[in-house]
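Just input.txt here, compact mmCIF, C-alpha atoms (C1' of nucleotides):
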# COMPACT_ATOMS: atom_id res chain seq x y z
CA MET G 29 182.11 -22.15 210.63
CA LYS G 30 179.79 -24.88 211.66
CA LEU G 31 180.00 -28.02 209.54
CA PRO G 32 177.15 -30.47 209.52
CA SER G 33 178.04 -34.14 209.36
CA ARG G 34 177.21 -35.89 206.12
CA THR G 35 174.02 -37.40 207.51
CA GLU G 36 172.95 -34.11 209.02
CA GLU G 37 173.39 -32.36 205.68
CA LEU G 38 171.33 -34.95 203.83
CA ILE G 39 168.56 -34.82 206.39
CA LEU G 40 168.47 -31.03 206.29
CA LEU G 41 168.19 -31.14 202.51
CA ALA G 42 165.40 -33.69 202.74
CA VAL G 43 163.48 -31.51 205.20
CA TRP G 44 163.87 -28.52 202.91
CA ARG G 45 162.65 -30.50 199.94
CA LEU G 46 159.71 -32.08 201.70
CA GLU G 47 158.36 -28.73 202.89
CA GLU G 48 155.17 -29.23 204.94
CA ASN G 49 155.47 -32.99 204.87
CA ALA G 50 158.83 -33.66 206.50
CA TYR G 51 158.69 -36.30 209.22
CA GLY G 52 160.78 -39.36 210.06
CA ILE G 53 159.23 -41.75 207.61
CA THR G 54 159.03 -39.40 204.62
CA ILE G 55 162.58 -38.20 205.21
CA ARG G 56 163.82 -41.76 205.29
CA ARG G 57 161.88 -42.61 202.13
CA TYR G 58 163.15 -39.52 200.32
CA LEU G 59 166.77 -40.35 201.05
CA LYS G 60 166.21 -43.90 199.89
CA GLU G 61 164.46 -42.95 196.68
CA GLU G 62 166.20 -39.74 195.69
CA ALA G 63 169.65 -40.21 197.16
CA GLY G 64 169.84 -44.00 197.02
CA ILE G 65 170.84 -44.27 200.67
CA ASP G 66 169.03 -46.79 202.83
CA TYR G 67 169.23 -45.47 206.38
CA SER G 68 168.12 -47.59 209.28
CA ILE G 69 165.35 -46.20 211.44
CA GLY G 70 167.73 -44.95 214.06
CA GLY G 71 169.87 -43.50 211.31
CA ILE G 72 167.14 -40.92 210.76
CA TYR G 73 165.58 -40.31 214.17
CA VAL G 74 168.81 -39.98 216.13
CA PRO G 75 170.28 -37.20 213.98
CA LEU G 76 166.86 -35.51 213.70
CA GLU G 77 166.81 -35.12 217.44
CA ARG G 78 170.36 -33.81 217.41
CA LEU G 79 169.55 -31.27 214.70
CA VAL G 80 166.70 -29.94 216.80
CA SER G 81 168.90 -29.69 219.87
CA LYS G 82 171.51 -27.84 217.83
CA GLY G 83 168.95 -25.39 216.52
CA MET G 84 169.06 -26.35 212.84
CA LEU G 85 165.55 -27.78 212.86
CA SER G 86 162.38 -27.09 214.77
CA SER G 87 159.55 -29.53 215.18
CA ARG G 88 155.85 -29.61 215.87
CA GLN G 89 153.53 -32.47 216.74
CA GLY G 90 151.11 -33.35 213.95
CA ASP G 91 147.34 -33.57 214.36
CA PRO G 92 145.74 -37.00 214.02
CA THR G 93 144.74 -37.81 210.43
CA PRO G 94 141.98 -39.99 208.98
CA ALA G 95 144.61 -42.50 207.88
CA ARG G 96 145.30 -45.68 209.73
CA GLY G 97 147.91 -46.32 212.40
CA GLY G 98 150.89 -44.76 213.98
CA MET G 99 152.03 -42.50 216.74
CA SER G 100 151.31 -38.90 215.95
CA LYS G 101 153.68 -37.51 213.40
CA ARG G 102 156.38 -35.13 214.35
CA TYR G 103 156.96 -32.62 211.56
CA PHE G 104 160.29 -30.89 211.09
CA GLN G 105 161.17 -27.51 209.63
CA LEU G 106 164.44 -25.81 208.86
CA THR G 107 165.38 -22.91 211.05
CA ALA G 108 167.23 -19.88 209.73
CA GLU G 109 170.32 -21.42 211.30
CA GLY G 110 169.74 -24.69 209.44
CA VAL G 111 169.47 -22.85 206.15
CA ALA G 112 172.65 -20.92 206.88
CA VAL G 113 174.56 -24.09 207.69
CA LEU G 114 173.44 -25.68 204.42
CA ARG G 115 174.40 -22.63 202.40
CA ASP G 116 177.79 -22.43 204.09
CA ILE G 117 178.78 -26.02 203.43
CA ARG G 118 177.54 -25.69 199.88
CA ALA G 119 179.61 -22.57 199.33
CA LEU G 120 182.65 -24.20 200.87
CA THR G 121 182.57 -27.32 198.71
CA ASN G 122 181.91 -25.23 195.62
CA ARG G 123 184.96 -23.17 196.42
CA LEU G 124 187.16 -26.19 197.01
CA TRP G 125 186.04 -27.75 193.76
CA ASP G 126 186.82 -24.53 191.93
CA ASN G 127 190.33 -24.68 193.34
CA LEU G 128 191.16 -28.05 191.83
CA PRO G 129 193.73 -28.44 189.08
CA ASP G 130 192.68 -30.36 186.00
CA ILE G 131 195.16 -33.17 186.07
CA VAL G 132 194.23 -35.71 188.62
CA PHE G 133 196.45 -38.70 189.14
CA HIS G 134 199.33 -40.54 187.63
CA ASN G 135 199.56 -44.08 188.92
CA MET L 20 177.11 -45.78 196.60
CA LYS L 21 179.94 -45.10 198.93
CA LEU L 22 179.69 -41.88 200.89
CA PRO L 23 182.78 -40.33 202.38
CA SER L 24 182.41 -38.67 205.76
CA ARG L 25 182.73 -34.91 205.81
CA THR L 26 186.34 -34.98 206.95
CA GLU L 27 187.25 -37.63 204.41
CA GLU L 28 185.79 -35.53 201.62
CA LEU L 29 187.69 -32.43 202.67
CA ILE L 30 190.95 -34.33 202.97
CA LEU L 31 190.47 -35.93 199.55
CA LEU L 32 189.85 -32.49 198.04
CA ALA L 33 192.95 -31.14 199.76
CA VAL L 34 195.06 -33.97 198.37
CA TRP L 35 193.72 -33.35 194.91
CA ARG L 36 194.48 -29.66 195.15
CA LEU L 37 197.95 -30.06 196.59
CA GLU L 38 199.05 -32.39 193.81
CA GLU L 39 202.67 -33.50 194.34
CA ASN L 40 202.90 -31.80 197.69
CA ALA L 41 200.14 -33.46 199.73
CA TYR L 42 201.29 -34.68 203.13
CA GLY L 43 199.94 -34.36 206.64
CA ILE L 44 201.17 -30.88 207.41
CA THR L 45 200.33 -29.28 204.07
CA ILE L 46 196.88 -30.87 204.09
CA ARG L 47 196.22 -29.54 207.54
CA ARG L 48 197.46 -26.09 206.57
CA TYR L 49 195.38 -26.05 203.40
CA LEU L 50 192.19 -26.89 205.27
CA LYS L 51 192.93 -24.19 207.81
CA GLU L 52 193.73 -21.51 205.26
CA GLU L 53 191.39 -22.33 202.41
CA ALA L 54 188.49 -23.95 204.22
CA GLY L 55 188.80 -22.17 207.54
CA ILE L 56 188.74 -25.43 209.50
CA ASP L 57 191.35 -25.93 212.18
CA TYR L 58 191.84 -29.68 212.52
CA SER L 59 193.91 -31.11 215.32
CA ILE L 60 196.90 -33.21 214.30
CA GLY L 61 195.07 -36.47 214.81
CA GLY L 62 192.14 -35.02 212.92
CA ILE L 63 194.25 -35.25 209.78
CA TYR L 64 196.47 -38.27 210.27
CA VAL L 65 193.79 -40.64 211.55
CA PRO L 66 191.47 -40.20 208.54
CA LEU L 67 194.44 -40.21 206.13
CA GLU L 68 195.35 -43.68 207.31
CA ARG L 69 191.73 -44.78 206.97
CA LEU L 70 191.49 -43.39 203.43
CA VAL L 71 194.53 -45.40 202.43
CA SER L 72 193.12 -48.56 203.96
CA LYS L 73 189.84 -47.98 202.13
CA GLY L 74 191.62 -47.53 198.84
CA MET L 75 190.80 -43.87 198.23
CA LEU L 76 194.37 -42.72 198.68
CA SER L 77 197.77 -44.23 198.12
CA SER L 78 200.97 -43.06 199.76
CA ARG L 79 204.70 -43.06 199.25
CA GLN L 80 207.54 -42.20 201.56
CA GLY L 81 209.32 -38.96 200.66
CA ASP L 82 213.06 -38.63 200.17
CA PRO L 83 215.00 -36.51 202.62
CA THR L 84 215.20 -32.87 201.62
CA PRO L 85 217.79 -30.19 202.30
CA ALA L 86 215.34 -28.46 204.64
CA ARG L 87 215.53 -28.72 208.36
CA GLY L 88 213.82 -31.18 210.65
CA GLY L 89 211.14 -33.76 210.69
CA MET L 90 210.45 -37.40 210.05
CA SER L 91 210.43 -38.25 206.40
CA LYS L 92 207.31 -36.99 204.70
CA ARG L 93 204.59 -39.33 203.62
CA TYR L 94 203.02 -38.08 200.42
CA PHE L 95 199.46 -38.97 199.46
CA GLN L 96 197.78 -39.32 196.09
CA LEU L 97 194.20 -39.89 195.06
CA THR L 98 193.40 -43.27 193.60
CA ALA L 99 190.84 -43.73 190.83
CA GLU L 100 188.47 -44.90 193.54
CA GLY L 101 189.06 -41.72 195.55
CA VAL L 102 188.27 -39.58 192.52
CA ALA L 103 185.11 -41.59 191.85
CA VAL L 104 183.93 -41.18 195.43
CA LEU L 105 184.46 -37.43 195.24
CA ARG L 106 182.61 -37.14 191.95
CA ASP L 107 179.72 -39.23 193.26
CA ILE L 108 179.16 -37.20 196.38
CA ARG L 109 179.44 -34.01 194.37
CA ALA L 110 176.86 -35.23 191.86
CA LEU L 111 174.54 -36.31 194.65
CA THR L 112 174.58 -33.02 196.50
CA ASN L 113 174.18 -31.10 193.25
CA ARG L 114 171.13 -33.18 192.46
CA LEU L 115 169.61 -32.67 195.90
CA TRP L 116 170.13 -28.92 195.67
CA ASP L 117 168.48 -28.86 192.28
CA ASN L 118 165.46 -30.54 193.83
CA LEU L 119 164.84 -27.82 196.36
CA PRO L 120 161.78 -25.61 196.21
CA ASP L 121 162.34 -21.87 196.36
CA ILE L 122 160.41 -21.01 199.46
CA VAL L 123 162.27 -22.01 202.52
CA PHE L 124 160.72 -21.47 205.88
CA HIS L 125 157.86 -19.73 207.58
CA ASN L 126 158.49 -19.32 211.26
C1' DA M 21 229.94 -32.45 219.94
C1' DC M 22 225.86 -30.91 222.40
C1' DT M 23 221.65 -28.73 222.80
C1' DA M 24 217.78 -26.10 221.22
C1' DT M 25 214.69 -25.67 217.59
C1' DT M 26 212.09 -27.10 213.77
C1' DT M 27 209.24 -30.16 211.04
C1' DA M 28 206.91 -34.23 210.79
C1' DT M 29 204.52 -38.57 212.01
C1' DT M 30 202.65 -42.02 215.27
C1' DC M 31 199.93 -43.20 218.97
C1' DT M 32 196.23 -43.10 222.34
C1' DA M 33 192.11 -41.71 224.92
C1' DA M 34 187.70 -39.56 225.09
C1' DA M 35 183.65 -37.60 222.82
C1' DA M 36 180.49 -37.49 219.06
C1' DT M 37 178.15 -39.63 215.27
C1' DA M 38 176.42 -43.58 212.55
C1' DA M 39 174.29 -47.99 212.07
C1' DA M 40 170.96 -51.44 213.22
C1' DG M 41 166.86 -52.86 214.71
C1' DA M 42 163.76 -54.18 218.77
C1' DA M 43 160.17 -52.20 221.45
C1' DA M 44 156.39 -49.27 222.23
C1' DA M 45 152.52 -46.38 220.81
C1' DA M 46 148.43 -45.41 218.52
C1' DA M 47 145.05 -45.93 215.18
C1' DT M 48 141.90 -48.78 211.92
C1' DG M 49 139.64 -52.86 209.90
C1' DA M 50 137.76 -57.18 210.28
C1' DT S 13 138.88 -58.06 220.42
C1' DC S 14 142.99 -58.71 217.85
C1' DA S 15 145.74 -58.51 213.67
C1' DT S 16 147.73 -55.07 210.92
C1' DT S 17 149.59 -50.70 209.80
C1' DT S 18 152.23 -46.52 210.57
C1' DT S 19 155.00 -44.05 213.33
C1' DT S 20 158.26 -42.83 217.05
C1' DT S 21 161.30 -44.02 220.97
C1' DC S 22 164.92 -46.39 222.87
C1' DT S 23 169.15 -49.04 223.22
C1' DT S 24 173.43 -51.15 221.81
C1' DT S 25 177.53 -51.47 219.13
C1' DA S 26 180.69 -49.75 215.61
C1' DT S 27 182.96 -46.01 213.42
C1' DT S 28 184.62 -41.39 213.13
C1' DT S 29 186.15 -37.11 215.18
C1' DT S 30 188.68 -34.42 218.41
C1' DA S 31 192.69 -33.37 221.00
C1' DG S 32 197.13 -33.40 221.95
C1' DA S 33 201.19 -35.99 224.00
C1' DA S 34 204.95 -38.72 222.53
C1' DT S 35 208.32 -39.80 219.30
C1' DA S 36 211.43 -39.18 215.36
C1' DA S 37 214.72 -36.98 212.65
C1' DA S 38 217.17 -33.29 210.84
C1' DT S 39 219.71 -28.63 211.17
C1' DA S 40 221.72 -24.41 213.48
C1' DG S 41 224.24 -22.29 216.79
C1' DT S 42 227.52 -22.35 220.31
Conversion result in structure tokens:
Amino acid sequence: MKLPSRTEELILLAVWRLEENAYGITIRRYLKEEAGIDYSIGGIYVPLERLVSKGMLSSRQGDPTPARGGMSKRYFQLTAEGVAVLRDIRALTNRLWDNLPDIVFHN
Amino acid sequence: MKLPSRTEELILLAVWRLEENAYGITIRRYLKEEAGIDYSIGGIYVPLERLVSKGMLSSRQGDPTPARGGMSKRYFQLTAEGVAVLRDIRALTNRLWDNLPDIVFHN
DNA sequence: ACTATTTATTCTAAAATAAAGAAAAAATGA
DNA sequence: TCATTTTTTCTTTATTTTAGAATAAATAGT
């Protein structure tokens, strides 16, 4: 099985959630606002590139918009592979949690 | 919030599950058999040491046993901090999954 | 007693990932 | 034109993962 790193998982989930509007800046903002994690710029773009090269995301260049500023947006989408990886890691952690005994520690 | 890496999370869950019998070899075997992930030797011992130094695990040296072979076992236990980290990451991923829209991709 | 075998940890090097943020690109508004 | 805004690209350093050799310690068999 193919495990995504923590950051990869969170970015994949952000892309899924953001649907048609997933690009570097919105992904970074989502993870800040919804997950409470403040990634640096590189902390988003570097793994995004890796996820594309690994086939978990695809990307397309956005058209220019009436809004001010910026290089043209690069939008990301989950691939079938990306969805499968997310479902697998989810299933795995669910299973491991189900395996846990109730009593936890005794210090 | 303090996010564990993927490997750290899996090792913490293994320690929780193994209760009084969590040491390098049993942790490695558990992750192979129950999670299907075949870690190298260093892939277990290196993060174990880091988890202790970060306060998520504590350890104690095992007594010699009647069984054959081996250096004396080093048993690991979750600390309160380790449990909190696990619960936090679990809550976060649950929340992000709950946020997802139904429709997934359109390639 | 010696040697092979077993079980376990420690150590070390290389590859991959994460973290941080400067630099560049591209567009608008004044 | 140039200051400002939004966005991506690039680069460097730190941390984590991967891989497995080396070491340690105990027993079993001869």
May I have chain G as a PDB file with C-alpha atoms, in the coordinates of the input, after a least-squares superposition on chain L that uses all C-alpha atoms paired in order?
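Wrote out30.pdb, looks like this:
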ATOM      1  CA  MET G  29     177.108 -45.742 196.677  1.00  0.00           C
ATOM      2  CA  LYS G  30     179.978 -45.081 198.962  1.00  0.00           C
ATOM      3  CA  LEU G  31     179.728 -41.840 200.920  1.00  0.00           C
ATOM      4  CA  PRO G  32     182.817 -40.298 202.407  1.00  0.00           C
ATOM      5  CA  SER G  33     182.457 -38.652 205.790  1.00  0.00           C
ATOM      6  CA  ARG G  34     182.738 -34.888 205.822  1.00  0.00           C
ATOM      7  CA  THR G  35     186.352 -34.958 206.973  1.00  0.00           C
ATOM      8  CA  GLU G  36     187.260 -37.598 204.432  1.00  0.00           C
ATOM      9  CA  GLU G  37     185.789 -35.500 201.631  1.00  0.00           C
ATOM     10  CA  LEU G  38     187.703 -32.401 202.681  1.00  0.00           C
ATOM     11  CA  ILE G  39     190.954 -34.299 202.959  1.00  0.00           C
ATOM     12  CA  LEU G  40     190.465 -35.890 199.551  1.00  0.00           C
ATOM     13  CA  LEU G  41     189.851 -32.465 198.044  1.00  0.00           C
ATOM     14  CA  ALA G  42     192.956 -31.108 199.735  1.00  0.00           C
ATOM     15  CA  VAL G  43     195.068 -33.961 198.361  1.00  0.00           C
ATOM     16  CA  TRP G  44     193.714 -33.336 194.881  1.00  0.00           C
ATOM     17  CA  ARG G  45     194.467 -29.648 195.134  1.00  0.00           C
ATOM     18  CA  LEU G  46     197.938 -30.051 196.556  1.00  0.00           C
ATOM     19  CA  GLU G  47     199.031 -32.393 193.766  1.00  0.00           C
ATOM     20  CA  GLU G  48     202.655 -33.496 194.294  1.00  0.00           C
ATOM     21  CA  ASN G  49     202.897 -31.800 197.655  1.00  0.00           C
ATOM     22  CA  ALA G  50     200.155 -33.446 199.698  1.00  0.00           C
ATOM     23  CA  TYR G  51     201.321 -34.644 203.103  1.00  0.00           C
ATOM     24  CA  GLY G  52     199.958 -34.333 206.636  1.00  0.00           C
ATOM     25  CA  ILE G  53     201.211 -30.871 207.386  1.00  0.00           C
ATOM     26  CA  THR G  54     200.350 -29.254 204.047  1.00  0.00           C
ATOM     27  CA  ILE G  55     196.907 -30.846 204.060  1.00  0.00           C
ATOM     28  CA  ARG G  56     196.253 -29.513 207.526  1.00  0.00           C
ATOM     29  CA  ARG G  57     197.487 -26.054 206.536  1.00  0.00           C
ATOM     30  CA  TYR G  58     195.388 -26.030 203.369  1.00  0.00           C
ATOM     31  CA  LEU G  59     192.206 -26.849 205.248  1.00  0.00           C
ATOM     32  CA  LYS G  60     192.984 -24.156 207.778  1.00  0.00           C
ATOM     33  CA  GLU G  61     193.762 -21.485 205.223  1.00  0.00           C
ATOM     34  CA  GLU G  62     191.389 -22.309 202.394  1.00  0.00           C
ATOM     35  CA  ALA G  63     188.494 -23.916 204.216  1.00  0.00           C
ATOM     36  CA  GLY G  64     188.829 -22.128 207.549  1.00  0.00           C
ATOM     37  CA  ILE G  65     188.777 -25.377 209.508  1.00  0.00           C
ATOM     38  CA  ASP G  66     191.395 -25.883 212.187  1.00  0.00           C
ATOM     39  CA  TYR G  67     191.856 -29.634 212.514  1.00  0.00           C
ATOM     40  CA  SER G  68     193.920 -31.077 215.305  1.00  0.00           C
ATOM     41  CA  ILE G  69     196.892 -33.185 214.308  1.00  0.00           C
ATOM     42  CA  GLY G  70     195.048 -36.413 214.829  1.00  0.00           C
ATOM     43  CA  GLY G  71     192.128 -34.958 212.931  1.00  0.00           C
ATOM     44  CA  ILE G  72     194.244 -35.213 209.790  1.00  0.00           C
ATOM     45  CA  TYR G  73     196.465 -38.258 210.273  1.00  0.00           C
ATOM     46  CA  VAL G  74     193.781 -40.621 211.537  1.00  0.00           C
ATOM     47  CA  PRO G  75     191.454 -40.189 208.553  1.00  0.00           C
ATOM     48  CA  LEU G  76     194.426 -40.180 206.145  1.00  0.00           C
ATOM     49  CA  GLU G  77     195.307 -43.645 207.311  1.00  0.00           C
ATOM     50  CA  ARG G  78     191.700 -44.740 206.975  1.00  0.00           C
ATOM     51  CA  LEU G  79     191.464 -43.362 203.439  1.00  0.00           C
ATOM     52  CA  VAL G  80     194.507 -45.378 202.452  1.00  0.00           C
ATOM     53  CA  SER G  81     193.089 -48.529 203.997  1.00  0.00           C
ATOM     54  CA  LYS G  82     189.828 -47.950 202.145  1.00  0.00           C
ATOM     55  CA  GLY G  83     191.619 -47.503 198.849  1.00  0.00           C
ATOM     56  CA  MET G  84     190.777 -43.846 198.224  1.00  0.00           C
ATOM     57  CA  LEU G  85     194.360 -42.695 198.672  1.00  0.00           C
ATOM     58  CA  SER G  86     197.759 -44.209 198.097  1.00  0.00           C
ATOM     59  CA  SER G  87     200.929 -43.054 199.754  1.00  0.00           C
ATOM     60  CA  ARG G  88     204.658 -43.068 199.238  1.00  0.00           C
ATOM     61  CA  GLN G  89     207.509 -42.208 201.573  1.00  0.00           C
ATOM     62  CA  GLY G  90     209.297 -38.989 200.647  1.00  0.00           C
ATOM     63  CA  ASP G  91     213.047 -38.684 200.124  1.00  0.00           C
ATOM     64  CA  PRO G  92     215.001 -36.610 202.638  1.00  0.00           C
ATOM     65  CA  THR G  93     215.225 -32.932 201.658  1.00  0.00           C
ATOM     66  CA  PRO G  94     217.847 -30.263 202.345  1.00  0.00           C
ATOM     67  CA  ALA G  95     215.425 -28.568 204.730  1.00  0.00           C
ATOM     68  CA  ARG G  96     215.664 -28.883 208.452  1.00  0.00           C
ATOM     69  CA  GLY G  97     213.886 -31.346 210.716  1.00  0.00           C
ATOM     70  CA  GLY G  98     211.174 -33.886 210.680  1.00  0.00           C
ATOM     71  CA  MET G  99     210.407 -37.501 210.076  1.00  0.00           C
ATOM     72  CA  SER G 100     210.387 -38.304 206.407  1.00  0.00           C
ATOM     73  CA  LYS G 101     207.302 -37.034 204.698  1.00  0.00           C
ATOM     74  CA  ARG G 102     204.590 -39.342 203.617  1.00  0.00           C
ATOM     75  CA  TYR G 103     203.004 -38.090 200.401  1.00  0.00           C
ATOM     76  CA  PHE G 104     199.443 -38.951 199.463  1.00  0.00           C
ATOM     77  CA  GLN G 105     197.759 -39.306 196.092  1.00  0.00           C
ATOM     78  CA  LEU G 106     194.188 -39.880 195.044  1.00  0.00           C
ATOM     79  CA  THR G 107     193.385 -43.248 193.596  1.00  0.00           C
ATOM     80  CA  ALA G 108     190.854 -43.717 190.817  1.00  0.00           C
ATOM     81  CA  GLU G 109     188.484 -44.880 193.540  1.00  0.00           C
ATOM     82  CA  GLY G 110     189.074 -41.691 195.534  1.00  0.00           C
ATOM     83  CA  VAL G 111     188.283 -39.571 192.507  1.00  0.00           C
ATOM     84  CA  ALA G 112     185.122 -41.557 191.846  1.00  0.00           C
ATOM     85  CA  VAL G 113     183.941 -41.143 195.422  1.00  0.00           C
ATOM     86  CA  LEU G 114     184.470 -37.380 195.232  1.00  0.00           C
ATOM     87  CA  ARG G 115     182.624 -37.106 191.943  1.00  0.00           C
ATOM     88  CA  ASP G 116     179.741 -39.197 193.249  1.00  0.00           C
ATOM     89  CA  ILE G 117     179.155 -37.161 196.382  1.00  0.00           C
ATOM     90  CA  ARG G 118     179.454 -33.991 194.355  1.00  0.00           C
ATOM     91  CA  ALA G 119     176.881 -35.212 191.862  1.00  0.00           C
ATOM     92  CA  LEU G 120     174.565 -36.300 194.640  1.00  0.00           C
ATOM     93  CA  THR G 121     174.582 -32.990 196.497  1.00  0.00           C
ATOM     94  CA  ASN G 122     174.176 -31.099 193.239  1.00  0.00           C
ATOM     95  CA  ARG G 123     171.138 -33.185 192.461  1.00  0.00           C
ATOM     96  CA  LEU G 124     169.605 -32.688 195.883  1.00  0.00           C
ATOM     97  CA  TRP G 125     170.134 -28.956 195.675  1.00  0.00           C
ATOM     98  CA  ASP G 126     168.481 -28.898 192.271  1.00  0.00           C
ATOM     99  CA  ASN G 127     165.468 -30.604 193.800  1.00  0.00           C
ATOM    100  CA  LEU G 128     164.801 -27.893 196.355  1.00  0.00           C
ATOM    101  CA  PRO G 129     161.736 -25.681 196.183  1.00  0.00           C
ATOM    102  CA  ASP G 130     162.290 -21.949 196.378  1.00  0.00           C
ATOM    103  CA  ILE G 131     160.334 -21.130 199.468  1.00  0.00           C
ATOM    104  CA  VAL G 132     162.203 -22.103 202.531  1.00  0.00           C
ATOM    105  CA  PHE G 133     160.629 -21.561 205.902  1.00  0.00           C
ATOM    106  CA  HIS G 134     157.772 -19.842 207.587  1.00  0.00           C
ATOM    107  CA  ASN G 135     158.372 -19.434 211.292  1.00  0.00           C
TER     108      ASN G 135
END
Name the residues in contact with G:Met29 at a cut-off of 9 Å, using all atoms listed in the file, excluding same-chain residues fewer than 3 positions from it; report them as an mmCIF file with C-alpha atoms, in the coordinates of the input.
data_model
loop_
_atom_site.group_PDB
_atom_site.id
_atom_site.type_symbol
_atom_site.label_atom_id
_atom_site.label_comp_id
_atom_site.auth_asym_id
_atom_site.auth_seq_id
_atom_site.Cartn_x
_atom_site.Cartn_y
_atom_site.Cartn_z
ATOM 1 C CA VAL G 113 174.560 -24.090 207.690
ATOM 2 C CA ASP G 116 177.790 -22.430 204.090
ATOM 3 C CA ILE G 117 178.780 -26.020 203.430
ATOM 4 C CA GLY L 55 188.800 -22.170 207.540
ATOM 5 C CA ILE L 56 188.740 -25.430 209.500
#
Determine which residues of chain L sit within 12 Å of chain S, taking into account only C-alpha atoms (C1' of nucleotides), and present them as a ChimeraX atom specification. /L:23-27,57-66,69,83-92
Assuming 6 Å of padding per side, give the centre and edge lengths of the axis-aligned box around every listed atom of stretch 27-36 of chain S, in Å to one decimal and as lines of an AutoDock Vina configuration file.
center_x = 197.2
center_y = -39.7
center_z = 218.6
size_x = 40.5
size_y = 24.6
size_z = 22.9
Per-residue nearest contacts chain L to chain G, cut-off 8 Å, using only C-alpha atoms, as a tab-separated table:
residue	atom	partner	partner_atom	distance
L:Met20	CA	G:Gly64	CA	7.5
L:Ser24	CA	G:Arg34	CA	5.9
L:Arg25	CA	G:Arg34	CA	5.6
L:Leu32	CA	G:Leu124	CA	6.9
L:Trp35	CA	G:Leu128	CA	6.6
L:Arg36	CA	G:Leu128	CA	5.0
L:Glu38	CA	G:Val132	CA	7.8
L:Glu53	CA	G:Leu124	CA	7.9
L:Ala54	CA	G:Leu120	CA	6.7
L:Gly55	CA	G:Met29	CA	7.4
L:Ile56	CA	G:Met29	CA	7.5
L:Gln96	CA	G:Phe133	CA	7.1
L:Leu97	CA	G:Phe133	CA	6.4
L:Thr98	CA	G:Phe133	CA	7.1
L:Ala99	CA	G:Phe133	CA	7.7
L:Leu111	CA	G:Ala63	CA	6.7
L:Leu115	CA	G:Leu41	CA	6.9
L:Trp116	CA	G:Leu41	CA	7.4
L:Asn118	CA	G:Arg45	CA	6.7
L:Leu119	CA	G:Arg45	CA	5.0
L:Pro120	CA	G:Arg45	CA	6.2
L:Val123	CA	G:Trp44	CA	6.7
L:Phe124	CA	G:Leu106	CA	6.4
L:Asn126	CA	G:Thr107	CA	7.8
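Going from atom CA of G:Met84 to atom CA of G:Leu40 covers 8.1 Å.
With all atoms listed in the file taken into account, chain M has DA45, DA46, DA47 and DT48 of chain M at most 6 Å from chain G.
Computed from the coordinates, the atom CA of L:Arg79 to atom CA of L:Tyr94 distance equals 5.4 Å.
Of note, atom C1' of M:DT29 and atom CA of L:Arg47 are spaced 13.1 Å apart.
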Generate the coordinates of N, CA and C atoms for stretch 55-66 of chain L; report them as a PDB file, in the frame of the given file.
ATOM      1  N   GLY L  55     189.089 -22.783 206.248  1.00  0.00           N
ATOM      2  CA  GLY L  55     188.800 -22.170 207.540  1.00  0.00           C
ATOM      3  C   GLY L  55     188.531 -23.164 208.654  1.00  0.00           C
ATOM      4  N   ILE L  56     188.982 -24.407 208.480  1.00  0.00           N
ATOM      5  CA  ILE L  56     188.740 -25.430 209.500  1.00  0.00           C
ATOM      6  C   ILE L  56     190.058 -25.823 210.145  1.00  0.00           C
ATOM      7  N   ASP L  57     190.095 -25.698 211.466  1.00  0.00           N
ATOM      8  CA  ASP L  57     191.350 -25.930 212.180  1.00  0.00           C
ATOM      9  C   ASP L  57     191.344 -27.334 212.786  1.00  0.00           C
ATOM     10  N   TYR L  58     191.791 -28.308 212.016  1.00  0.00           N
ATOM     11  CA  TYR L  58     191.840 -29.680 212.520  1.00  0.00           C
ATOM     12  C   TYR L  58     193.007 -29.865 213.464  1.00  0.00           C
ATOM     13  N   SER L  59     192.789 -30.694 214.473  1.00  0.00           N
ATOM     14  CA  SER L  59     193.910 -31.110 215.320  1.00  0.00           C
ATOM     15  C   SER L  59     194.809 -32.033 214.492  1.00  0.00           C
ATOM     16  N   ILE L  60     195.961 -32.355 215.032  1.00  0.00           N
ATOM     17  CA  ILE L  60     196.900 -33.210 214.300  1.00  0.00           C
ATOM     18  C   ILE L  60     196.265 -34.560 213.988  1.00  0.00           C
ATOM     19  N   GLY L  61     195.717 -35.175 215.017  1.00  0.00           N
ATOM     20  CA  GLY L  61     195.070 -36.470 214.810  1.00  0.00           C
ATOM     21  C   GLY L  61     193.886 -36.388 213.854  1.00  0.00           C
ATOM     22  N   GLY L  62     193.280 -35.230 213.809  1.00  0.00           N
ATOM     23  CA  GLY L  62     192.140 -35.020 212.920  1.00  0.00           C
ATOM     24  C   GLY L  62     192.493 -35.128 211.450  1.00  0.00           C
ATOM     25  N   ILE L  63     193.771 -35.055 211.156  1.00  0.00           N
ATOM     26  CA  ILE L  63     194.250 -35.250 209.780  1.00  0.00           C
ATOM     27  C   ILE L  63     194.833 -36.647 209.601  1.00  0.00           C
ATOM     28  N   TYR L  64     195.755 -37.023 210.491  1.00  0.00           N
ATOM     29  CA  TYR L  64     196.470 -38.270 210.270  1.00  0.00           C
ATOM     30  C   TYR L  64     195.598 -39.512 210.423  1.00  0.00           C
ATOM     31  N   VAL L  65     194.661 -39.465 211.364  1.00  0.00           N
ATOM     32  CA  VAL L  65     193.790 -40.640 211.550  1.00  0.00           C
ATOM     33  C   VAL L  65     192.957 -40.906 210.286  1.00  0.00           C
ATOM     34  N   PRO L  66     192.212 -39.922 209.775  1.00  0.00           N
ATOM     35  CA  PRO L  66     191.470 -40.200 208.540  1.00  0.00           C
ATOM     36  C   PRO L  66     192.358 -40.485 207.329  1.00  0.00           C
TER      37      PRO L  66
END
